>>> print(open('entry_26.cif').read())   # mmCIF, C-alpha atoms
data_start
loop_
_atom_site.group_PDB
_atom_site.id
_atom_site.type_symbol
_atom_site.label_atom_id
_atom_site.label_comp_id
_atom_site.auth_asym_id
_atom_site.auth_seq_id
_atom_site.Cartn_x
_atom_site.Cartn_y
_atom_site.Cartn_z
ATOM 1 C CA TYR A 1 76.239 190.745 68.715
ATOM 2 C CA ARG A 2 73.057 192.366 70.020
ATOM 3 C CA VAL A 3 70.316 194.255 68.212
ATOM 4 C CA PRO A 4 67.668 196.495 69.775
ATOM 5 C CA HIS A 5 64.350 194.725 70.317
ATOM 6 C CA ALA A 6 65.718 191.369 69.188
ATOM 7 C CA HIS A 7 63.068 188.666 69.047
ATOM 8 C CA ALA A 8 65.467 185.697 69.243
ATOM 9 C CA THR A 9 69.049 184.590 69.757
ATOM 10 C CA VAL A 10 70.916 182.441 67.253
ATOM 11 C CA ILE A 11 73.939 180.398 68.336
ATOM 12 C CA LEU A 12 76.297 179.910 65.389
ATOM 13 C CA CYS A 13 78.426 176.780 65.240
ATOM 14 C CA HIS A 14 81.294 176.768 62.729
ATOM 15 C CA GLY A 15 82.962 173.957 60.799
ATOM 16 C CA TYR A 16 86.139 171.944 61.161
ATOM 17 C CA HIS A 17 89.284 174.051 61.724
ATOM 18 C CA SER A 18 87.358 177.252 61.050
ATOM 19 C CA HIS A 19 85.761 179.999 63.129
ATOM 20 C CA ALA A 20 82.359 181.654 63.266
ATOM 21 C CA GLU A 21 83.267 184.945 61.557
ATOM 22 C CA HIS A 22 84.637 183.024 58.582
ATOM 23 C CA ASP A 23 81.745 180.587 58.208
ATOM 24 C CA PHE A 24 78.917 183.032 58.900
ATOM 25 C CA SER A 25 79.980 186.388 57.498
ATOM 26 C CA ALA A 26 77.453 186.043 54.673
ATOM 27 C CA GLN A 27 74.711 185.286 57.186
ATOM 28 C CA PHE A 28 75.078 188.517 59.164
ATOM 29 C CA PRO A 29 72.728 190.677 57.082
ATOM 30 C CA ALA A 30 69.882 188.174 57.180
ATOM 31 C CA LEU A 31 70.241 187.052 60.785
ATOM 32 C CA TYR A 32 71.526 190.190 62.476
ATOM 33 C CA ALA A 33 70.480 193.475 60.900
ATOM 34 C CA SER A 34 67.323 192.664 58.974
ATOM 35 C CA GLY A 35 66.544 189.466 60.851
ATOM 36 C CA GLY A 36 66.437 191.127 64.247
ATOM 37 C CA CYS A 37 68.296 188.337 66.045
ATOM 38 C CA ASN A 38 71.035 188.509 68.630
ATOM 39 C CA LEU A 39 73.951 186.384 67.475
ATOM 40 C CA LEU A 40 76.327 184.358 69.627
ATOM 41 C CA LEU A 41 79.456 183.387 67.685
ATOM 42 C CA ILE A 42 81.434 180.705 69.459
ATOM 43 C CA ASP A 43 84.834 179.103 69.038
ATOM 44 C CA GLU A 44 84.363 175.368 69.452
ATOM 45 C CA ARG A 45 86.747 173.416 71.655
ATOM 46 C CA ALA A 46 90.296 173.277 70.277
ATOM 47 C CA HIS A 47 89.466 176.106 67.862
ATOM 48 C CA GLY A 48 90.304 179.800 68.016
ATOM 49 C CA LEU A 49 90.416 181.158 71.546
ATOM 50 C CA SER A 50 88.743 178.157 73.134
ATOM 51 C CA GLU A 51 90.801 175.761 75.192
ATOM 52 C CA GLY A 52 91.528 172.135 74.448
ATOM 53 C CA LYS A 53 93.791 170.170 72.138
ATOM 54 C CA CYS A 54 91.304 167.561 71.003
ATOM 55 C CA LEU A 55 88.176 168.043 68.933
ATOM 56 C CA THR A 56 85.635 165.219 68.831
ATOM 57 C CA PHE A 57 83.536 165.960 65.724
ATOM 58 C CA GLY A 58 80.426 166.656 67.782
ATOM 59 C CA GLN A 59 80.575 163.934 70.408
ATOM 60 C CA LEU A 60 81.657 166.249 73.247
ATOM 61 C CA GLU A 61 80.900 169.509 71.439
ATOM 62 C CA ARG A 62 77.168 168.770 71.736
ATOM 63 C CA TYR A 63 77.472 169.210 75.508
ATOM 64 C CA ASP A 64 79.364 172.447 74.927
ATOM 65 C CA ILE A 65 76.414 173.695 72.865
ATOM 66 C CA ALA A 66 74.100 172.877 75.758
ATOM 67 C CA GLN A 67 76.371 174.952 78.022
ATOM 68 C CA TRP A 68 76.264 177.861 75.563
ATOM 69 C CA VAL A 69 72.469 177.697 75.611
ATOM 70 C CA HIS A 70 72.523 177.971 79.400
ATOM 71 C CA TRP A 71 75.052 180.816 79.137
ATOM 72 C CA VAL A 72 72.664 182.748 76.888
ATOM 73 C CA ARG A 73 69.822 182.212 79.344
ATOM 74 C CA GLU A 74 71.946 183.330 82.293
ATOM 75 C CA HIS A 75 73.042 186.510 80.493
ATOM 76 C CA SER A 76 69.633 187.512 79.157
ATOM 77 C CA ARG A 77 67.158 189.604 81.095
ATOM 78 C CA VAL A 78 64.468 188.526 78.638
ATOM 79 C CA GLN A 79 64.227 184.827 77.818
ATOM 80 C CA ARG A 80 63.972 184.886 74.038
ATOM 81 C CA PRO A 81 63.630 181.875 71.757
ATOM 82 C CA ILE A 82 66.944 180.330 70.762
ATOM 83 C CA ALA A 83 67.926 178.768 67.434
ATOM 84 C CA LEU A 84 70.982 176.599 66.808
ATOM 85 C CA TYR A 85 72.620 177.115 63.426
ATOM 86 C CA GLY A 86 75.557 175.014 62.250
ATOM 87 C CA VAL A 87 77.573 174.460 59.096
ATOM 88 C CA SER A 88 79.485 171.245 58.269
ATOM 89 C CA MET A 89 80.942 169.894 61.530
ATOM 90 C CA GLY A 90 78.938 172.615 63.252
ATOM 91 C CA ALA A 91 75.773 171.279 61.621
ATOM 92 C CA ALA A 92 76.494 167.765 62.859
ATOM 93 C CA THR A 93 77.216 169.228 66.288
ATOM 94 C CA VAL A 94 73.909 171.079 66.614
ATOM 95 C CA LEU A 95 72.083 167.980 65.364
ATOM 96 C CA MET A 96 73.776 165.945 68.075
ATOM 97 C CA ALA A 97 72.906 168.616 70.630
ATOM 98 C CA SER A 98 69.262 168.524 69.541
ATOM 99 C CA GLY A 99 68.969 164.974 70.847
ATOM 100 C CA GLU A 100 69.939 166.072 74.353
ATOM 101 C CA THR A 101 67.627 167.614 76.943
ATOM 102 C CA LEU A 102 67.724 171.332 76.182
ATOM 103 C CA PRO A 103 65.720 174.236 77.654
ATOM 104 C CA GLU A 104 62.262 174.632 76.148
ATOM 105 C CA ASN A 105 63.107 177.988 74.561
ATOM 106 C CA VAL A 106 65.407 176.226 72.068
ATOM 107 C CA LYS A 107 62.885 176.354 69.260
ATOM 108 C CA ALA A 108 64.724 175.569 66.029
ATOM 109 C CA VAL A 109 67.785 173.932 64.513
ATOM 110 C CA ILE A 110 69.298 174.794 61.127
ATOM 111 C CA ALA A 111 71.840 172.269 59.876
ATOM 112 C CA ASP A 112 73.724 173.104 56.683
ATOM 113 C CA CYS A 113 75.641 170.135 55.161
ATOM 114 C CA GLY A 114 76.071 168.092 58.319
ATOM 115 C CA TYR A 115 77.328 164.506 58.283
ATOM 116 C CA THR A 116 75.535 161.463 59.691
ATOM 117 C CA SER A 117 78.426 160.424 61.940
ATOM 118 C CA GLU A 118 82.150 160.797 62.371
ATOM 119 C CA TRP A 119 82.553 157.133 61.429
ATOM 120 C CA ASP A 120 80.559 157.508 58.196
ATOM 121 C CA GLU A 121 82.413 160.682 57.272
ATOM 122 C CA PHE A 122 85.842 159.096 57.721
ATOM 123 C CA ILE A 123 84.808 156.119 55.592
ATOM 124 C CA TRP A 124 83.604 158.498 52.879
ATOM 125 C CA GLU A 125 86.875 160.431 52.965
ATOM 126 C CA ALA A 126 88.900 157.231 52.696
ATOM 127 C CA GLU A 127 86.843 156.035 49.751
ATOM 128 C CA MET A 128 87.183 159.392 48.012
ATOM 129 C CA MET A 129 90.973 159.094 48.345
ATOM 130 C CA HIS A 130 90.831 155.462 47.188
ATOM 131 C CA ILE A 131 92.485 154.111 50.295
ATOM 132 C CA PRO A 132 91.225 151.196 52.425
ATOM 133 C CA TRP A 133 89.591 152.339 55.638
ATOM 134 C CA PHE A 134 89.856 148.947 57.326
ATOM 135 C CA PRO A 135 91.661 148.287 59.634
ATOM 136 C CA VAL A 136 93.155 151.781 60.035
ATOM 137 C CA LEU A 137 89.870 153.443 60.977
ATOM 138 C CA ASN A 138 89.025 150.718 63.478
ATOM 139 C CA ALA A 139 92.431 151.081 65.112
ATOM 140 C CA ALA A 140 92.163 154.877 65.237
ATOM 141 C CA SER A 141 88.701 154.612 66.792
ATOM 142 C CA ALA A 142 89.979 152.163 69.416
ATOM 143 C CA LEU A 143 92.889 154.488 70.208
ATOM 144 C CA SER A 144 90.472 157.402 70.581
ATOM 145 C CA LYS A 145 88.447 155.321 73.026
ATOM 146 C CA LEU A 146 91.535 154.639 75.138
ATOM 147 C CA ARG A 147 92.991 158.144 74.940
ATOM 148 C CA ASP A 148 89.925 160.396 74.868
ATOM 149 C CA GLY A 149 87.114 158.212 76.177
ATOM 150 C CA TYR A 150 84.994 157.882 73.045
ATOM 151 C CA ASP A 151 85.044 156.038 69.743
ATOM 152 C CA PHE A 152 84.166 157.430 66.332
ATOM 153 C CA LYS A 153 80.772 155.724 66.124
ATOM 154 C CA GLN A 154 79.563 157.615 69.205
ATOM 155 C CA ALA A 155 79.698 160.957 67.380
ATOM 156 C CA SER A 156 76.467 160.249 65.533
ATOM 157 C CA ALA A 157 74.033 162.917 64.416
ATOM 158 C CA LEU A 158 71.957 160.113 62.886
ATOM 159 C CA GLU A 159 71.272 158.556 66.287
ATOM 160 C CA GLN A 160 70.721 161.892 68.014
ATOM 161 C CA VAL A 161 68.076 163.216 65.602
ATOM 162 C CA LYS A 162 66.014 160.120 66.361
ATOM 163 C CA LYS A 163 65.583 161.545 69.870
ATOM 164 C CA SER A 164 65.059 165.194 68.912
ATOM 165 C CA ASP A 165 61.758 167.030 69.222
ATOM 166 C CA ILE A 166 63.144 170.396 68.055
ATOM 167 C CA PRO A 167 61.991 171.523 64.577
ATOM 168 C CA THR A 168 64.926 171.148 62.214
ATOM 169 C CA LEU A 169 65.789 172.477 58.766
ATOM 170 C CA PHE A 170 68.255 170.294 56.859
ATOM 171 C CA ILE A 171 70.193 171.956 54.016
ATOM 172 C CA HIS A 172 72.616 170.361 51.572
ATOM 173 C CA GLY A 173 74.130 170.948 48.148
ATOM 174 C CA THR A 174 74.033 168.208 45.534
ATOM 175 C CA ALA A 175 77.661 168.798 44.484
ATOM 176 C CA ASP A 176 79.094 168.426 47.989
ATOM 177 C CA GLU A 177 82.178 166.208 47.727
ATOM 178 C CA LEU A 178 83.307 166.595 51.344
ATOM 179 C CA VAL A 179 80.062 165.584 53.067
ATOM 180 C CA PRO A 180 78.024 163.591 50.533
ATOM 181 C CA TYR A 181 74.553 164.799 49.625
ATOM 182 C CA LYS A 182 73.104 161.360 50.378
ATOM 183 C CA MET A 183 73.587 162.074 54.084
ATOM 184 C CA LEU A 184 70.809 164.677 53.904
ATOM 185 C CA GLY A 185 68.287 161.973 53.069
ATOM 186 C CA GLU A 186 69.573 159.666 55.786
ATOM 187 C CA LEU A 187 69.385 162.357 58.456
ATOM 188 C CA PHE A 188 65.996 163.614 57.288
ATOM 189 C CA SER A 189 64.490 160.122 57.303
ATOM 190 C CA ALA A 190 65.845 159.384 60.777
ATOM 191 C CA ALA A 191 64.721 162.661 62.377
ATOM 192 C CA ALA A 192 61.768 162.266 64.726
ATOM 193 C CA CYS A 193 61.099 166.003 64.988
ATOM 194 C CA GLU A 194 59.104 168.360 62.801
ATOM 195 C CA LYS A 195 61.403 168.819 59.838
ATOM 196 C CA GLU A 196 62.012 170.494 56.510
ATOM 197 C CA SER A 197 64.753 170.130 53.921
ATOM 198 C CA LEU A 198 66.333 172.297 51.273
ATOM 199 C CA THR A 199 68.364 170.868 48.395
ATOM 200 C CA VAL A 200 70.522 173.292 46.415
ATOM 201 C CA GLU A 201 71.408 171.953 42.994
ATOM 202 C CA GLY A 202 75.067 172.234 42.058
ATOM 203 C CA ALA A 203 76.228 173.605 45.408
ATOM 204 C CA GLY A 204 79.494 172.340 46.838
ATOM 205 C CA HIS A 205 80.344 171.970 50.492
ATOM 206 C CA ALA A 206 78.965 174.847 52.594
ATOM 207 C CA LEU A 207 78.241 176.846 49.431
ATOM 208 C CA SER A 208 74.453 176.579 49.247
ATOM 209 C CA SER A 209 73.916 180.130 50.489
ATOM 210 C CA SER A 210 76.301 181.419 47.800
ATOM 211 C CA VAL A 211 74.897 179.384 44.905
ATOM 212 C CA GLU A 212 71.219 180.139 45.580
ATOM 213 C CA PRO A 213 71.111 183.006 48.092
ATOM 214 C CA GLU A 214 67.488 184.000 47.471
ATOM 215 C CA ILE A 215 66.120 180.479 47.847
ATOM 216 C CA TYR A 216 68.434 179.759 50.762
ATOM 217 C CA TRP A 217 67.565 182.840 52.789
ATOM 218 C CA SER A 218 63.862 182.841 52.032
ATOM 219 C CA THR A 219 63.729 179.241 53.263
ATOM 220 C CA VAL A 220 65.741 179.983 56.386
ATOM 221 C CA GLU A 221 63.758 183.126 57.193
ATOM 222 C CA ARG A 222 60.427 181.381 56.663
ATOM 223 C CA PHE A 223 61.541 178.513 58.898
ATOM 224 C CA VAL A 224 62.711 180.869 61.631
ATOM 225 C CA GLU A 225 59.523 182.918 61.477
ATOM 226 C CA LYS A 226 57.411 179.776 61.667
ATOM 227 C CA HIS A 227 59.080 178.410 64.782
ATOM 228 C CA ILE A 228 60.447 181.511 66.490
ATOM 229 C CA GLY A 229 58.387 184.419 65.191
ATOM 230 C CA SER A 230 59.484 187.825 63.957
#
>>> encode(input="entry_26.cif", output="structure tokens")
Amino acid sequence: YRVPHAHATVILCHGYHSHAEHDFSAQFPALYASGGCNLLLIDERAHGLSEGKCLTFGQLERYDIAQWVHWVREHSRVQRPIALYGVSMGAATVLMASGETLPENVKAVIADCGYTSEWDEFIWEAEMMHIPWFPVLNAASALSKLRDGYDFKQASALEQVKKSDIPTLFIHGTADELVPYKMLGELFSAAACEKESLTVEGAGHALSSSVEPEIYWSTVERFVEKHIGS
């Protein structure tokens, strides 16, 4: 989605078993029309129209994000600043991507309710359902290593943000039962980059922009203007 005289491009990364139009429809007015940003909505691997039968919760998707960044650069006559914006699994994915070597015009990352790692998230889900995660999770991780070439601990946003130098805005709702709010603090503390955080009281998973839209969008817009310009 292009706008005349856009000052930046935002790559939108959706959540687990979702798609960009669903996860980001509320963001269009702020980012597209009034925000003056080109938007690239992607289907992650094994989602929507993208190929693949196996998703990896960010482990391999982070390299896909890097390829999308290069795709934007190749298809742009003007090299504008780029921001990565993800929700839920998409947030963890862009955080993992931020620890890779990306082109210098990737200027900002916005991560809304991302998890620390696939391993941590699966443990949390098991505990929420009151089922033992050991040894089932260990066996599933070992099987993934044999079948797909990676184990669950490798998909770690926590480890990747330690290597990132891209300014990052972390967002999370305190009532998130799917990805626990405590993960915001863990990610924020680990991040080596310039960073900001936004806590939305009473917001469930991926609902921060709905619960407090004015605070949410003023924070996002201020962050984007600071690191990308307007």
>>> residues_around(input="entry_26.cif", residues="Val87 (chain A)", least_positions_apart="5", cutoff="6 Å", atoms="all atoms listed in the file", output="list in words")
His14, Gly15 and Asp112 of chain A
>>> atom_distance(input="entry_26.cif", atom1="CA of Gly36 (chain A)", atom2="CA of Ala6 (chain A)")
5.0 Å
>>> atom_distance(input="entry_26.cif", atom1="CA of Arg45 (chain A)", atom2="CA of Glu104 (chain A)")
24.9 Å
>>> closest_residue(input="entry_26.cif", among="A:Ser210, A:Gln79, A:Thr56, A:Asn38", to="Val106 (chain A)", atoms="only C-alpha atoms")
A:Gln79
>>> closest_residue(input="entry_26.cif", among="A:Lys195, A:His22, A:Arg80, A:Arg2", to="Ser164 (chain A)", atoms="only C-alpha atoms")
A:Lys195
>>> closest_atom_pairs(input="entry_26.cif", of="region 130-167 of chain A", to="region 61-67 of chain A", cutoff="12 Å", atoms="only C-alpha atoms", output="JSON lines")
{"residue": "A:Gln154", "atom": "CA", "partner": "A:Arg62", "partner_atom": "CA", "distance": 11.7}
{"residue": "A:Ala155", "atom": "CA", "partner": "A:Arg62", "partner_atom": "CA", "distance": 9.3}
{"residue": "A:Ser156", "atom": "CA", "partner": "A:Arg62", "partner_atom": "CA", "distance": 10.6}
{"residue": "A:Ala157", "atom": "CA", "partner": "A:Arg62", "partner_atom": "CA", "distance": 9.9}
{"residue": "A:Gln160", "atom": "CA", "partner": "A:Arg62", "partner_atom": "CA", "distance": 10.1}
>>> atom_distance(input="entry_26.cif", atom1="CA of Glu225 (chain A)", atom2="CA of Cys37 (chain A)")
11.3 Å
>>> decode(input="entry_26.cif", residues="region 64-138 of chain A", atoms="C-alpha atoms", output="CSV table (one decimal), in the first residue's frame")
chain,number,residue,atom,x,y,z
A,64,ASP,CA,12.3,-14.0,5.9
A,65,ILE,CA,11.9,-10.5,7.4
A,66,ALA,CA,15.5,-9.7,6.3
A,67,GLN,CA,14.5,-10.8,2.8
A,68,TRP,CA,11.4,-8.6,2.9
A,69,VAL,CA,13.6,-5.7,3.9
A,70,HIS,CA,15.8,-6.3,0.9
A,71,TRP,CA,12.7,-6.7,-1.3
A,72,VAL,CA,11.5,-3.3,-0.3
A,73,ARG,CA,14.9,-1.8,-1.1
A,74,GLU,CA,15.0,-3.4,-4.5
A,75,HIS,CA,11.5,-2.2,-5.4
A,76,SER,CA,12.0,1.4,-4.2
A,77,ARG,CA,13.4,4.2,-6.3
A,78,VAL,CA,13.9,6.2,-3.2
A,79,GLN,CA,15.6,4.5,-0.2
A,80,ARG,CA,13.3,5.5,2.7
A,81,PRO,CA,13.7,4.5,6.3
A,82,ILE,CA,12.1,1.2,7.2
A,83,ALA,CA,10.3,0.2,10.4
A,84,LEU,CA,9.4,-3.3,11.5
A,85,TYR,CA,6.1,-3.7,13.3
A,86,GLY,CA,4.9,-7.0,14.7
A,87,VAL,CA,2.1,-8.2,16.9
A,88,SER,CA,2.3,-11.4,19.1
A,89,MET,CA,4.4,-14.0,17.1
A,90,GLY,CA,5.0,-11.2,14.6
A,91,ALA,CA,6.5,-9.1,17.5
A,92,ALA,CA,8.8,-11.9,18.5
A,93,THR,CA,9.8,-12.3,14.9
A,94,VAL,CA,10.7,-8.7,14.3
A,95,LEU,CA,12.6,-8.7,17.6
A,96,MET,CA,14.6,-11.8,16.4
A,97,ALA,CA,15.2,-10.1,13.1
A,98,SER,CA,16.5,-7.0,14.9
A,99,GLY,CA,19.5,-9.0,16.2
A,100,GLU,CA,20.6,-9.9,12.6
A,101,THR,CA,22.6,-7.7,10.3
A,102,LEU,CA,20.0,-5.5,8.5
A,103,PRO,CA,20.5,-2.6,6.1
A,104,GLU,CA,21.2,0.7,7.9
A,105,ASN,CA,17.9,2.2,6.8
A,106,VAL,CA,16.0,-0.1,9.1
A,107,LYS,CA,15.5,2.6,11.8
A,108,ALA,CA,12.9,1.3,14.2
A,109,VAL,CA,11.2,-1.8,15.6
A,110,ILE,CA,7.7,-1.8,17.2
A,111,ALA,CA,6.9,-5.0,19.1
A,112,ASP,CA,3.4,-5.4,20.5
A,113,CYS,CA,3.1,-8.3,23.0
A,114,GLY,CA,6.0,-10.5,21.8
A,115,TYR,CA,7.2,-13.5,23.8
A,116,THR,CA,10.8,-14.0,25.0
A,117,SER,CA,11.2,-17.4,23.3
A,118,GLU,CA,9.2,-20.2,21.8
A,119,TRP,CA,10.4,-22.4,24.7
A,120,ASP,CA,9.3,-20.0,27.4
A,121,GLU,CA,5.9,-19.5,25.7
A,122,PHE,CA,5.2,-23.2,25.5
A,123,ILE,CA,6.1,-23.6,29.1
A,124,TRP,CA,3.7,-20.8,30.0
A,125,GLU,CA,0.9,-22.3,27.9
A,126,ALA,CA,1.4,-25.7,29.6
A,127,GLU,CA,1.3,-24.1,33.1
A,128,MET,CA,-1.8,-22.2,32.2
A,129,MET,CA,-3.5,-25.4,31.2
A,130,HIS,CA,-2.2,-27.1,34.4
A,131,ILE,CA,-0.4,-29.8,32.5
A,132,PRO,CA,3.3,-30.9,33.0
A,133,TRP,CA,5.6,-29.6,30.3
A,134,PHE,CA,8.4,-32.0,31.1
A,135,PRO,CA,9.2,-34.3,29.3
A,136,VAL,CA,6.7,-33.7,26.5
A,137,LEU,CA,8.2,-30.3,25.6
A,138,ASN,CA,11.7,-31.6,25.6
